[in-house]
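Chemist: The structure file final_23.cif (mmCIF, C-alpha atoms and all ligand atoms) is provided below.
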```
data_protein
#
loop_
_atom_site.label_atom_id
_atom_site.label_comp_id
_atom_site.auth_asym_id
_atom_site.auth_seq_id
_atom_site.Cartn_x
_atom_site.Cartn_y
_atom_site.Cartn_z
CA MET P 1 12.47 25.94 7.58
CA ALA P 2 11.55 29.28 6.02
CA GLY P 3 13.73 30.00 3.02
CA HIS P 4 14.82 26.37 2.73
CA ALA P 5 13.48 23.65 0.49
CA ARG P 6 11.51 21.23 2.60
CA ALA P 7 12.79 17.71 2.84
CA ALA P 8 11.64 14.32 4.05
CA CYS P 9 13.21 10.89 4.02
CA VAL P 10 12.66 7.19 4.61
CA ILE P 11 14.61 5.82 7.55
CA GLY P 12 15.42 2.11 7.60
CA TRP P 13 18.17 -0.46 8.07
CA PRO P 14 18.60 -1.39 5.28
CA VAL P 15 16.62 1.07 3.17
CA LYS P 16 17.76 0.61 -0.44
CA HIS P 17 14.76 -1.57 -1.39
CA SER P 18 12.29 1.23 -0.53
CA ARG P 19 10.07 2.58 -3.31
CA SER P 20 9.17 5.66 -1.27
CA PRO P 21 11.81 7.93 -2.89
CA LEU P 22 10.45 7.12 -6.36
CA ILE P 23 6.89 7.88 -5.27
CA HIS P 24 7.58 11.11 -3.38
CA ASN P 25 10.10 12.50 -5.85
CA HIS P 26 7.57 11.88 -8.63
CA TRP P 27 4.99 13.94 -6.73
CA LEU P 28 7.49 16.71 -5.90
CA LYS P 29 8.20 17.10 -9.61
CA ARG P 30 4.54 16.84 -10.61
CA TYR P 31 3.43 19.56 -8.18
CA GLY P 32 6.48 21.75 -8.84
CA ILE P 33 7.58 21.71 -5.19
CA ALA P 34 11.17 22.63 -4.41
CA GLY P 35 11.63 19.77 -1.98
CA GLU P 36 13.65 16.64 -1.59
CA TYR P 37 12.97 13.09 -0.45
CA ARG P 38 15.98 10.98 0.51
CA CYS P 39 16.97 7.60 1.95
CA GLU P 40 18.58 7.51 5.40
CA GLU P 41 20.20 4.27 6.48
CA VAL P 42 20.23 4.43 10.27
CA THR P 43 21.12 1.61 12.70
CA PRO P 44 18.76 0.75 15.57
CA GLU P 45 21.34 2.15 18.00
CA ALA P 46 21.50 5.49 16.19
CA PHE P 47 17.75 5.76 15.50
CA PRO P 48 16.59 7.57 18.69
CA ALA P 49 19.24 10.29 18.35
CA PHE P 50 18.52 10.65 14.62
CA ILE P 51 14.82 11.28 15.01
CA ALA P 52 15.38 13.56 18.01
CA LYS P 53 17.33 15.75 15.57
CA LEU P 54 15.10 15.41 12.49
CA ASP P 55 14.75 19.18 12.31
CA ALA P 56 18.51 19.73 12.51
CA HIS P 57 18.93 17.20 9.69
CA GLY P 58 16.61 19.45 7.65
CA TYR P 59 13.58 17.16 7.69
CA ALA P 60 9.91 18.06 8.10
CA GLY P 61 9.20 14.39 8.69
CA ALA P 62 9.96 10.86 7.61
CA ASN P 63 8.70 7.47 6.60
CA ILE P 64 9.84 4.70 8.88
CA THR P 65 10.53 1.19 7.70
CA LEU P 66 12.04 -1.97 9.16
CA PRO P 67 13.26 -2.36 11.86
CA HIS P 68 12.32 1.00 13.39
CA LYS P 69 8.49 1.10 13.32
CA GLU P 70 7.98 0.16 16.99
CA ALA P 71 10.77 2.48 18.16
CA ALA P 72 9.24 5.31 16.12
CA LEU P 73 5.93 4.74 17.89
CA ALA P 74 7.56 4.87 21.33
CA LEU P 75 9.56 8.00 20.55
CA SER P 76 6.71 10.11 19.11
CA GLU P 77 3.15 11.24 19.86
CA PRO P 78 1.09 8.64 17.97
CA ASP P 79 -2.45 9.04 16.65
CA ASP P 80 -5.14 6.38 17.21
CA ARG P 81 -4.10 4.39 14.16
CA ALA P 82 -0.43 4.10 15.06
CA ARG P 83 -1.30 3.27 18.66
CA ALA P 84 -3.85 0.62 17.65
CA VAL P 85 -1.53 -0.99 15.09
CA GLY P 86 1.45 -0.83 17.47
CA ALA P 87 3.78 0.63 14.83
CA ALA P 88 4.41 4.04 13.25
CA ASN P 89 5.45 4.38 9.61
CA THR P 90 5.07 8.16 9.18
CA LEU P 91 6.46 10.96 11.35
CA TRP P 92 6.03 14.71 11.10
CA LEU P 93 7.15 17.72 13.07
CA ASP P 94 4.71 20.38 14.12
CA ARG P 95 5.78 23.24 16.36
CA GLY P 96 8.54 21.22 17.97
CA HIS P 97 6.41 18.10 18.52
CA LEU P 98 7.09 14.84 16.74
CA TYR P 99 3.81 13.16 15.75
CA SER P 100 3.23 9.77 14.15
CA THR P 101 0.62 7.74 12.34
CA ASN P 102 0.37 4.43 10.53
CA THR P 103 -0.61 5.11 6.92
CA ASP P 104 -0.92 1.40 6.01
CA VAL P 105 -4.43 1.62 7.51
CA GLU P 106 -5.62 4.28 5.06
CA GLY P 107 -3.46 2.77 2.30
CA PHE P 108 -5.51 -0.39 2.62
CA THR P 109 -8.94 1.25 2.78
CA ALA P 110 -8.29 4.04 0.24
CA ASN P 111 -6.99 1.48 -2.26
CA LEU P 112 -10.13 -0.61 -1.82
CA ASP P 113 -12.33 2.50 -2.10
CA ALA P 114 -10.64 3.32 -5.41
CA ALA P 115 -10.53 -0.21 -6.85
CA VAL P 116 -13.93 -1.50 -5.66
CA PRO P 117 -16.06 1.48 -4.57
CA GLU P 118 -18.92 -0.65 -3.25
CA TRP P 119 -16.68 -3.03 -1.30
CA GLU P 120 -18.32 -2.44 2.10
CA ILE P 121 -21.89 -3.02 0.99
CA GLY P 122 -23.25 -6.30 2.34
CA ARG P 123 -19.86 -7.41 3.58
CA ASP P 124 -20.30 -8.39 7.21
CA GLU P 125 -17.52 -10.96 7.33
CA ALA P 126 -13.92 -10.68 6.19
CA VAL P 127 -11.19 -13.31 6.07
CA VAL P 128 -7.68 -12.05 6.71
CA LEU P 129 -4.84 -14.44 5.90
CA GLY P 130 -1.87 -13.71 8.17
CA ALA P 131 -1.34 -12.10 11.55
CA GLY P 132 1.91 -10.16 11.07
CA GLY P 133 2.63 -6.44 10.93
CA SER P 134 0.50 -5.67 7.89
CA ALA P 135 -2.44 -7.71 9.28
CA HIS P 136 -2.56 -5.28 12.23
CA ALA P 137 -3.10 -2.34 9.86
CA VAL P 138 -5.63 -4.22 7.71
CA ILE P 139 -7.67 -5.37 10.72
CA TYR P 140 -7.74 -1.88 12.19
CA GLY P 141 -8.87 -0.53 8.81
CA LEU P 142 -11.70 -3.08 8.70
CA ILE P 143 -12.72 -2.14 12.25
CA GLU P 144 -12.69 1.58 11.37
CA ARG P 145 -15.04 0.73 8.51
CA GLU P 146 -17.26 -1.24 10.88
CA ILE P 147 -16.90 -4.71 9.39
CA PRO P 148 -18.45 -6.70 12.27
CA MET P 149 -16.63 -10.03 11.91
CA ILE P 150 -13.01 -10.58 10.92
CA HIS P 151 -11.72 -14.15 10.70
CA VAL P 152 -7.95 -14.25 11.06
CA VAL P 153 -6.32 -17.34 9.56
CA ASN P 154 -2.72 -17.87 10.60
CA ARG P 155 -0.17 -20.68 10.75
CA THR P 156 0.85 -19.61 14.26
CA ILE P 157 -2.55 -19.46 15.92
CA ASP P 158 -1.17 -17.64 18.98
CA ARG P 159 -0.52 -14.58 16.81
CA ALA P 160 -4.13 -14.59 15.65
CA GLU P 161 -5.21 -14.94 19.30
CA ALA P 162 -3.04 -11.93 20.15
CA LEU P 163 -4.92 -9.92 17.53
CA ARG P 164 -8.19 -10.81 19.22
CA GLN P 165 -6.74 -9.59 22.53
CA ARG P 166 -5.61 -6.40 20.85
CA PHE P 167 -8.66 -5.56 18.75
CA GLY P 168 -11.54 -7.30 20.55
CA ALA P 169 -14.22 -9.88 19.89
CA SER P 170 -14.85 -9.00 16.23
CA VAL P 171 -11.55 -10.79 15.53
CA GLN P 172 -11.95 -14.58 15.28
CA PRO P 173 -8.72 -16.64 15.20
CA VAL P 174 -8.97 -19.63 12.83
CA HIS P 175 -6.79 -22.47 11.55
CA TRP P 176 -6.03 -22.85 7.83
CA SER P 177 -8.13 -26.02 7.73
CA ALA P 178 -11.30 -23.93 8.27
CA LEU P 179 -10.65 -21.74 5.22
CA PRO P 180 -12.89 -23.52 2.64
CA HIS P 181 -15.84 -23.24 5.01
CA LEU P 182 -15.12 -19.54 5.64
CA LEU P 183 -14.78 -18.73 1.94
CA ALA P 184 -18.35 -19.86 1.38
CA ARG P 185 -19.50 -17.19 3.89
CA ALA P 186 -17.17 -14.25 3.74
CA ALA P 187 -17.29 -11.82 0.85
CA LEU P 188 -13.94 -10.19 1.51
CA LEU P 189 -10.64 -12.11 1.37
CA ILE P 190 -7.36 -10.36 2.13
CA ASN P 191 -3.91 -11.92 1.93
CA THR P 192 -1.49 -10.25 4.34
CA THR P 193 0.98 -13.15 4.46
CA SER P 194 4.20 -13.03 2.48
CA LEU P 195 3.15 -16.21 0.66
CA GLY P 196 3.01 -15.78 -3.10
CA MET P 197 5.72 -13.12 -3.03
CA THR P 198 8.73 -13.61 -5.31
CA GLY P 199 11.18 -15.88 -3.47
CA GLN P 200 8.55 -17.11 -0.97
CA PRO P 201 6.46 -20.30 -1.07
CA PRO P 202 3.21 -20.09 -3.07
CA LEU P 203 -0.08 -19.22 -1.42
CA ALA P 204 -2.17 -22.36 -1.82
CA VAL P 205 -5.79 -21.22 -1.59
CA ASP P 206 -8.46 -22.96 -3.62
CA LEU P 207 -11.07 -20.33 -4.47
CA ALA P 208 -13.64 -22.95 -5.58
CA PRO P 209 -15.97 -22.43 -2.58
CA ILE P 210 -15.77 -18.60 -2.61
CA ARG P 211 -18.90 -16.46 -2.97
CA GLY P 212 -19.55 -15.09 -6.44
CA ASP P 213 -19.71 -11.52 -5.09
CA ALA P 214 -16.45 -11.75 -3.11
CA VAL P 215 -13.74 -9.08 -3.26
CA VAL P 216 -10.16 -10.35 -3.11
CA VAL P 217 -7.20 -8.24 -1.98
CA ASP P 218 -3.51 -9.16 -1.97
CA LEU P 219 -0.97 -7.00 -0.14
CA VAL P 220 1.89 -8.70 -2.00
CA TYR P 221 2.99 -6.47 -4.90
CA ALA P 222 5.92 -8.46 -6.26
CA PRO P 223 4.74 -10.00 -8.50
CA LEU P 224 2.13 -7.39 -9.23
CA LYS P 225 -0.48 -9.92 -10.29
CA THR P 226 -0.16 -12.70 -7.74
CA ALA P 227 -1.55 -16.19 -8.33
CA LEU P 228 -4.34 -15.31 -5.87
CA LEU P 229 -5.38 -12.21 -7.83
CA ALA P 230 -5.12 -14.07 -11.14
CA ALA P 231 -7.37 -16.87 -9.82
CA ALA P 232 -9.87 -14.33 -8.45
CA GLN P 233 -9.98 -12.42 -11.75
CA ALA P 234 -10.41 -15.68 -13.68
CA ARG P 235 -13.57 -16.23 -11.63
CA GLY P 236 -14.77 -12.73 -12.39
CA LEU P 237 -14.26 -11.41 -8.84
CA ALA P 238 -13.37 -7.80 -8.04
CA THR P 239 -9.78 -7.35 -6.80
CA ALA P 240 -7.43 -4.77 -5.32
CA ASP P 241 -3.65 -5.18 -5.50
CA GLY P 242 -0.71 -4.49 -3.21
CA LEU P 243 0.81 -1.80 -5.41
CA GLY P 244 -2.35 0.29 -5.01
CA MET P 245 -2.04 0.05 -1.23
CA LEU P 246 1.63 1.01 -1.37
CA LEU P 247 0.79 4.14 -3.38
CA TYR P 248 -2.22 5.19 -1.29
CA GLN P 249 -0.31 4.78 1.98
CA ALA P 250 2.16 7.40 0.73
CA VAL P 251 -0.47 10.15 0.22
CA ARG P 252 -0.79 11.36 3.81
CA GLY P 253 2.95 11.72 4.47
CA PHE P 254 3.42 13.84 1.36
CA GLN P 255 0.53 16.05 2.39
CA LEU P 256 1.89 16.48 5.91
CA TRP P 257 5.43 17.36 4.82
CA PHE P 258 4.84 19.28 1.60
CA GLY P 259 1.32 20.72 2.05
CA VAL P 260 -0.32 19.24 -1.07
CA ARG P 261 -2.61 16.20 -1.11
CA PRO P 262 -1.16 14.23 -4.03
CA GLU P 263 -3.09 12.09 -6.45
CA VAL P 264 -2.45 8.42 -7.18
CA THR P 265 -2.42 8.35 -10.97
CA ASP P 266 -1.89 5.75 -13.69
CA GLU P 267 1.37 7.52 -14.50
CA LEU P 268 2.67 6.95 -10.94
CA ARG P 269 1.53 3.32 -11.01
CA ALA P 270 3.34 2.78 -14.30
CA LEU P 271 6.53 4.30 -12.86
CA ILE P 272 6.60 1.92 -9.89
CA GLU P 273 5.53 -1.04 -12.04
CA ALA P 274 8.47 -0.38 -14.35
CA ASP P 275 10.81 -0.27 -11.35
CA LEU P 276 9.44 -3.56 -10.00
CA GLY P 277 9.93 -5.05 -13.48
CA ARG P 278 13.52 -3.73 -13.70
CA LYS P 279 14.43 -5.32 -10.38
CA GLY P 280 13.05 -8.63 -11.68
CA GLU P 281 10.44 -8.85 -8.93
P1 LIG F 301 5.23 -10.32 8.73
O1 LIG F 301 6.57 -11.00 8.67
O2 LIG F 301 4.94 -9.43 9.87
O3 LIG F 301 4.08 -11.46 8.68
C1 LIG F 301 4.17 -12.51 7.77
C2 LIG F 301 2.88 -13.35 7.81
O4 LIG F 301 3.01 -14.36 6.79
C3 LIG F 301 2.62 -14.07 9.13
O5 LIG F 301 1.25 -14.15 9.36
C4 LIG F 301 3.21 -15.46 8.84
O6 LIG F 301 2.64 -16.49 9.62
C5 LIG F 301 2.83 -15.64 7.40
N1 LIG F 301 3.73 -16.60 6.75
C6 LIG F 301 5.00 -16.38 6.32
N2 LIG F 301 5.51 -17.51 5.78
C7 LIG F 301 4.54 -18.46 5.90
C8 LIG F 301 4.47 -19.85 5.53
N3 LIG F 301 5.51 -20.46 4.94
N4 LIG F 301 3.32 -20.51 5.78
C9 LIG F 301 2.27 -19.89 6.37
N5 LIG F 301 2.29 -18.60 6.75
C10 LIG F 301 3.41 -17.89 6.51
O7 LIG F 301 5.09 -9.57 7.34
P2 LIG F 301 4.23 -8.26 6.98
O8 LIG F 301 2.88 -8.41 7.57
O9 LIG F 301 5.02 -7.05 7.30
O10 LIG F 301 4.18 -8.35 5.38
C11 LIG F 301 3.49 -9.40 4.72
C12 LIG F 301 3.41 -9.13 3.21
O11 LIG F 301 2.67 -7.95 2.96
C13 LIG F 301 4.77 -8.92 2.55
O12 LIG F 301 4.77 -9.56 1.30
C14 LIG F 301 4.86 -7.41 2.36
O13 LIG F 301 5.66 -7.05 1.23
C15 LIG F 301 3.41 -7.07 2.12
N6 LIG F 301 3.08 -5.69 2.50
C16 LIG F 301 2.54 -4.88 1.54
C17 LIG F 301 2.19 -3.59 1.84
C18 LIG F 301 1.59 -2.74 0.78
O14 LIG F 301 1.52 -1.52 0.94
N7 LIG F 301 1.14 -3.32 -0.31
C19 LIG F 301 2.36 -3.03 3.20
C20 LIG F 301 2.93 -3.97 4.14
C21 LIG F 301 3.28 -5.25 3.78
P3 LIG F 301 3.26 -16.88 11.07
O15 LIG F 301 2.73 -15.87 12.03
O16 LIG F 301 2.74 -18.24 11.32
O17 LIG F 301 4.76 -16.82 10.93
#
```
Please express what this file holds, its structure, as structure tokens.
Ligand code: NDP

Modeler:
Amino acid sequence: MAGHARAACVIGWPVKHSRSPLIHNHWLKRYGIAGEYRCEEVTPEAFPAFIAKLDAHGYAGANITLPHKEAALALSEPDDRARAVGAANTLWLDRGHLYSTNTDVEGFTANLDAAVPEWEIGRDEAVVLGAGGSAHAVIYGLIEREIPMIHVVNRTIDRAEALRQRFGASVQPVHWSALPHLLARAALLINTTSLGMTGQPPLAVDLAPIRGDAVVVDLVYAPLKTALLAAAQARGLATADGLGMLLYQAVRGFQLWFGVRPEVTDELRALIEADLGRKGE
């Protein structure tokens, strides 16, 4: 790549909804780096050949979004996080090798570290709502941070059971009906379902029984302040939002491709917030 501007991209099918170009191009400008970040719409059939030739396409690496995250894992050398989560969302080339990670794990924990610095203290039990793709990353993040008990509440209980198989006995599958009882015990509540997102059904959780020192996190970022976060804030609870996670998950990729560890600033947040507002989300 010597002599060329470095480039990276987000690969998806479709890919137009991705906020990654806004985030990375903001950082490229801010750090004065002569690089580019583009969108690549690639079909599942064309994906293996595309990433085998990332270098020839001029890319130092890529973000991977739906539906390619599992294929990206299989076609690269994953780190522990990508392997544990079962999906890769960030690829980079190093001396002819294609490596991968899953930055949703650190996006989740770094966002919490920034929003609620003392979040781990005295928090032995977490309640995770949902058992989909993002729940995998959240649960692995909680395990990395040594939270000993993680209750996973999901409509399809088999998917919560599968998470116990995958991550071990600290994961406890639970039905929605047990939630009020759990809220009285757990001091960390994380919504990883799509409920409460614009266009989706509401997330009906009554926070009445929740502990007064609980921390509440919502991965949904459209709307930015979900009904869950609004209810938590009305009770005076500490919260962390989905936009923060989205921004923090982007940090590592930028560093790997462009060599600078970028900062998540209020200016960047405002830029993405404005975009979410423009799209009516
Ligand atoms: P998945 O499709 O993999 O999982 C969706 C989850 O929501 C499942 O647990 C599903 O339950 C549950 N769910 C969906 N509809 C209902 C319903 N009507 N009733 C009960 N449960 C329901 O999605 P992801 O995990 O990929 O994403 C979930 C959310 O997180 C999305 O809003 C996404 O935008 C957001 N997200 C945010 C990120 C960030 O950086 N802030 C990163 C990744 C995701 P079941 O298994 O029973 O179907």

Chemist: I need the residue nearest Val127 (chain P) from this list: P:Leu182, P:Leu195, P:Ala208, P:Ala49. Use all atoms listed in the file for the distance.

Modeler: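 Nearest candidate to Val127 (chain P) out of P:Leu182, P:Leu195, P:Ala208, P:Ala49: P:Leu182.
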
Chemist: Provide the CA of Val10 (chain P) to CA of Glu40 (chain P) distance in Å, to one decimal place.

Modeler: 6.0 Å

Chemist: Could you give me, as a Markdown table, every chain P residue with an atom at most 9 Å from ligand LIG 301 (chain F), plus its closest atom pair and distance in Å to one decimal, counting all atoms listed in the file, rows ordered by chain then number?

Modeler:
```
| residue | atom | partner | partner_atom | distance |
| --- | --- | --- | --- | --- |
| P:Leu66 | CA | F:LIG301 | O9 | 8.9 |
| P:Asp104 | CA | F:LIG301 | C19 | 6.2 |
| P:Gly107 | CA | F:LIG301 | O14 | 6.7 |
| P:Phe108 | CA | F:LIG301 | O14 | 7.3 |
| P:Leu129 | CA | F:LIG301 | O5 | 7.0 |
| P:Gly130 | CA | F:LIG301 | O5 | 3.4 |
| P:Ala131 | CA | F:LIG301 | O5 | 4.0 |
| P:Gly132 | CA | F:LIG301 | O2 | 3.3 |
| P:Gly133 | CA | F:LIG301 | O8 | 3.9 |
| P:Ser134 | CA | F:LIG301 | O8 | 3.6 |
| P:Ala135 | CA | F:LIG301 | O8 | 5.6 |
| P:His136 | CA | F:LIG301 | O8 | 7.8 |
| P:Ala137 | CA | F:LIG301 | C20 | 8.5 |
| P:Val153 | CA | F:LIG301 | O5 | 8.2 |
| P:Asn154 | CA | F:LIG301 | O16 | 5.5 |
| P:Arg155 | CA | F:LIG301 | O16 | 3.8 |
| P:Thr156 | CA | F:LIG301 | O16 | 3.8 |
| P:Ile157 | CA | F:LIG301 | O16 | 7.1 |
| P:Asp158 | CA | F:LIG301 | O15 | 8.2 |
| P:Arg159 | CA | F:LIG301 | O15 | 5.9 |
| P:Ala160 | CA | F:LIG301 | O15 | 7.9 |
| P:Trp176 | CA | F:LIG301 | C9 | 8.9 |
| P:Asn191 | CA | F:LIG301 | O11 | 7.8 |
| P:Thr192 | CA | F:LIG301 | O11 | 4.9 |
| P:Thr193 | CA | F:LIG301 | O4 | 3.3 |
| P:Ser194 | CA | F:LIG301 | O12 | 3.7 |
| P:Leu195 | CA | F:LIG301 | N2 | 5.8 |
| P:Gly196 | CA | F:LIG301 | O12 | 7.8 |
| P:Met197 | CA | F:LIG301 | O12 | 5.7 |
| P:Thr198 | CA | F:LIG301 | O12 | 8.7 |
| P:Gln200 | CA | F:LIG301 | N2 | 7.4 |
| P:Pro201 | CA | F:LIG301 | N3 | 6.1 |
| P:Pro202 | CA | F:LIG301 | N3 | 8.3 |
| P:Leu203 | CA | F:LIG301 | N4 | 8.1 |
| P:Asp218 | CA | F:LIG301 | N7 | 7.6 |
| P:Leu219 | CA | F:LIG301 | N7 | 4.2 |
| P:Val220 | CA | F:LIG301 | O12 | 4.5 |
| P:Tyr221 | CA | F:LIG301 | N7 | 5.9 |
| P:Ala222 | CA | F:LIG301 | O13 | 7.6 |
| P:Asp241 | CA | F:LIG301 | N7 | 7.3 |
| P:Gly242 | CA | F:LIG301 | N7 | 3.6 |
| P:Leu243 | CA | F:LIG301 | N7 | 5.3 |
| P:Gly244 | CA | F:LIG301 | N7 | 6.9 |
| P:Met245 | CA | F:LIG301 | O14 | 4.5 |
| P:Leu246 | CA | F:LIG301 | O14 | 3.4 |
| P:Leu247 | CA | F:LIG301 | O14 | 7.2 |
| P:Tyr248 | CA | F:LIG301 | O14 | 8.0 |
| P:Gln249 | CA | F:LIG301 | O14 | 6.6 |
| P:Ala250 | CA | F:LIG301 | O14 | 8.9 |
```

Chemist: Just to confirm, what's the straight-line distance from CA of Leu112 (chain P) to CA of Trp92 (chain P) in Å (one decimal)?

Modeler: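 CA of Trp92 (chain P) lies at a distance of 25.7 Å from CA of Leu112 (chain P).
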
Chemist: Determine, using all atoms listed in the file, which residues of region 179-281 of chain P have any atom at most 9 Å from an atom of region 54-60 of chain P, and tabulate each with its shortest atom pair and distance in Å to one decimal place, rows ordered by chain and then rising number, as CSV.

Modeler:
```
residue,atom,partner,partner_atom,distance
P:Leu256,CA,P:Ala60,CA,8.5
P:Trp257,CA,P:Ala60,CA,5.6
P:Phe258,CA,P:Ala60,CA,8.3
```

Chemist: Of the residues P:His175, P:Arg38, P:Ala72, P:Thr109, which is the one nearest to Arg145 (chain P), using all atoms listed in the file?

Modeler: P:Thr109

Chemist: Using only C-alpha atoms, which of the listed residues (P:Glu263, P:Ala214, P:Val15, P:Phe254) sits closest to Glu118 (chain P)?

Modeler: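 Using only C-alpha atoms, the shortest distance to Glu118 (chain P) belongs to P:Ala214.
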
Chemist: Using all atoms listed in the file, which residue out of P:Arg81, P:Arg211, P:Arg123, P:Arg6 lies closest to Pro180 (chain P)?

Modeler: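 Result for the nearest residue to Pro180 (chain P): P:Arg211.
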
Chemist: If I put a ball of radius 6 Å at (4.6, 5.6, 16.5) in the file's coordinates, which residues poke into it when counting all atoms listed in the file, written as a list in words?

Modeler: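 Final list of nearby residues, as requested, is Ala72, Leu73, Ala74, Ser76, Pro78, Ala82, Ala87, Ala88 and Ser100 of chain P.
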
Chemist: Name the residues, using the chain letters and numbers of the file, that sit within 9 Å of (-12.2, -7.3, 10.7) when counting all atoms listed in the file, and give them as JSON, numbers by chain.

Modeler: {"P": [124, 125, 126, 127, 128, 138, 139, 140, 141, 142, 143, 144, 145, 146, 147, 148, 149, 150, 151, 152, 167, 170, 171, 172]}

Chemist: Take the structure in the block and write a file for region 61-77 of chain P, C-alpha atoms, as an mmCIF file, in the first residue's frame.

Modeler:
```cif
data_model
loop_
_atom_site.group_PDB
_atom_site.id
_atom_site.type_symbol
_atom_site.label_atom_id
_atom_site.label_comp_id
_atom_site.auth_asym_id
_atom_site.auth_seq_id
_atom_site.Cartn_x
_atom_site.Cartn_y
_atom_site.Cartn_z
ATOM 1 C CA GLY P 61 -9.589 -4.143 6.003
ATOM 2 C CA ALA P 62 -13.335 -3.940 6.332
ATOM 3 C CA ASN P 63 -16.369 -3.888 8.545
ATOM 4 C CA ILE P 64 -18.764 -6.720 7.899
ATOM 5 C CA THR P 65 -22.496 -6.422 8.301
ATOM 6 C CA LEU P 66 -25.541 -8.544 7.504
ATOM 7 C CA PRO P 67 -25.641 -11.176 6.108
ATOM 8 C CA HIS P 68 -21.901 -11.870 5.943
ATOM 9 C CA LYS P 69 -20.732 -11.988 9.591
ATOM 10 C CA GLU P 70 -20.639 -15.793 9.876
ATOM 11 C CA ALA P 71 -19.000 -16.195 6.457
ATOM 12 C CA ALA P 72 -16.388 -13.597 7.428
ATOM 13 C CA LEU P 73 -15.588 -15.632 10.530
ATOM 14 C CA ALA P 74 -15.156 -18.836 8.524
ATOM 15 C CA LEU P 75 -12.976 -17.186 5.883
ATOM 16 C CA SER P 76 -10.526 -15.430 8.238
ATOM 17 C CA GLU P 77 -8.293 -16.064 11.256
#
```
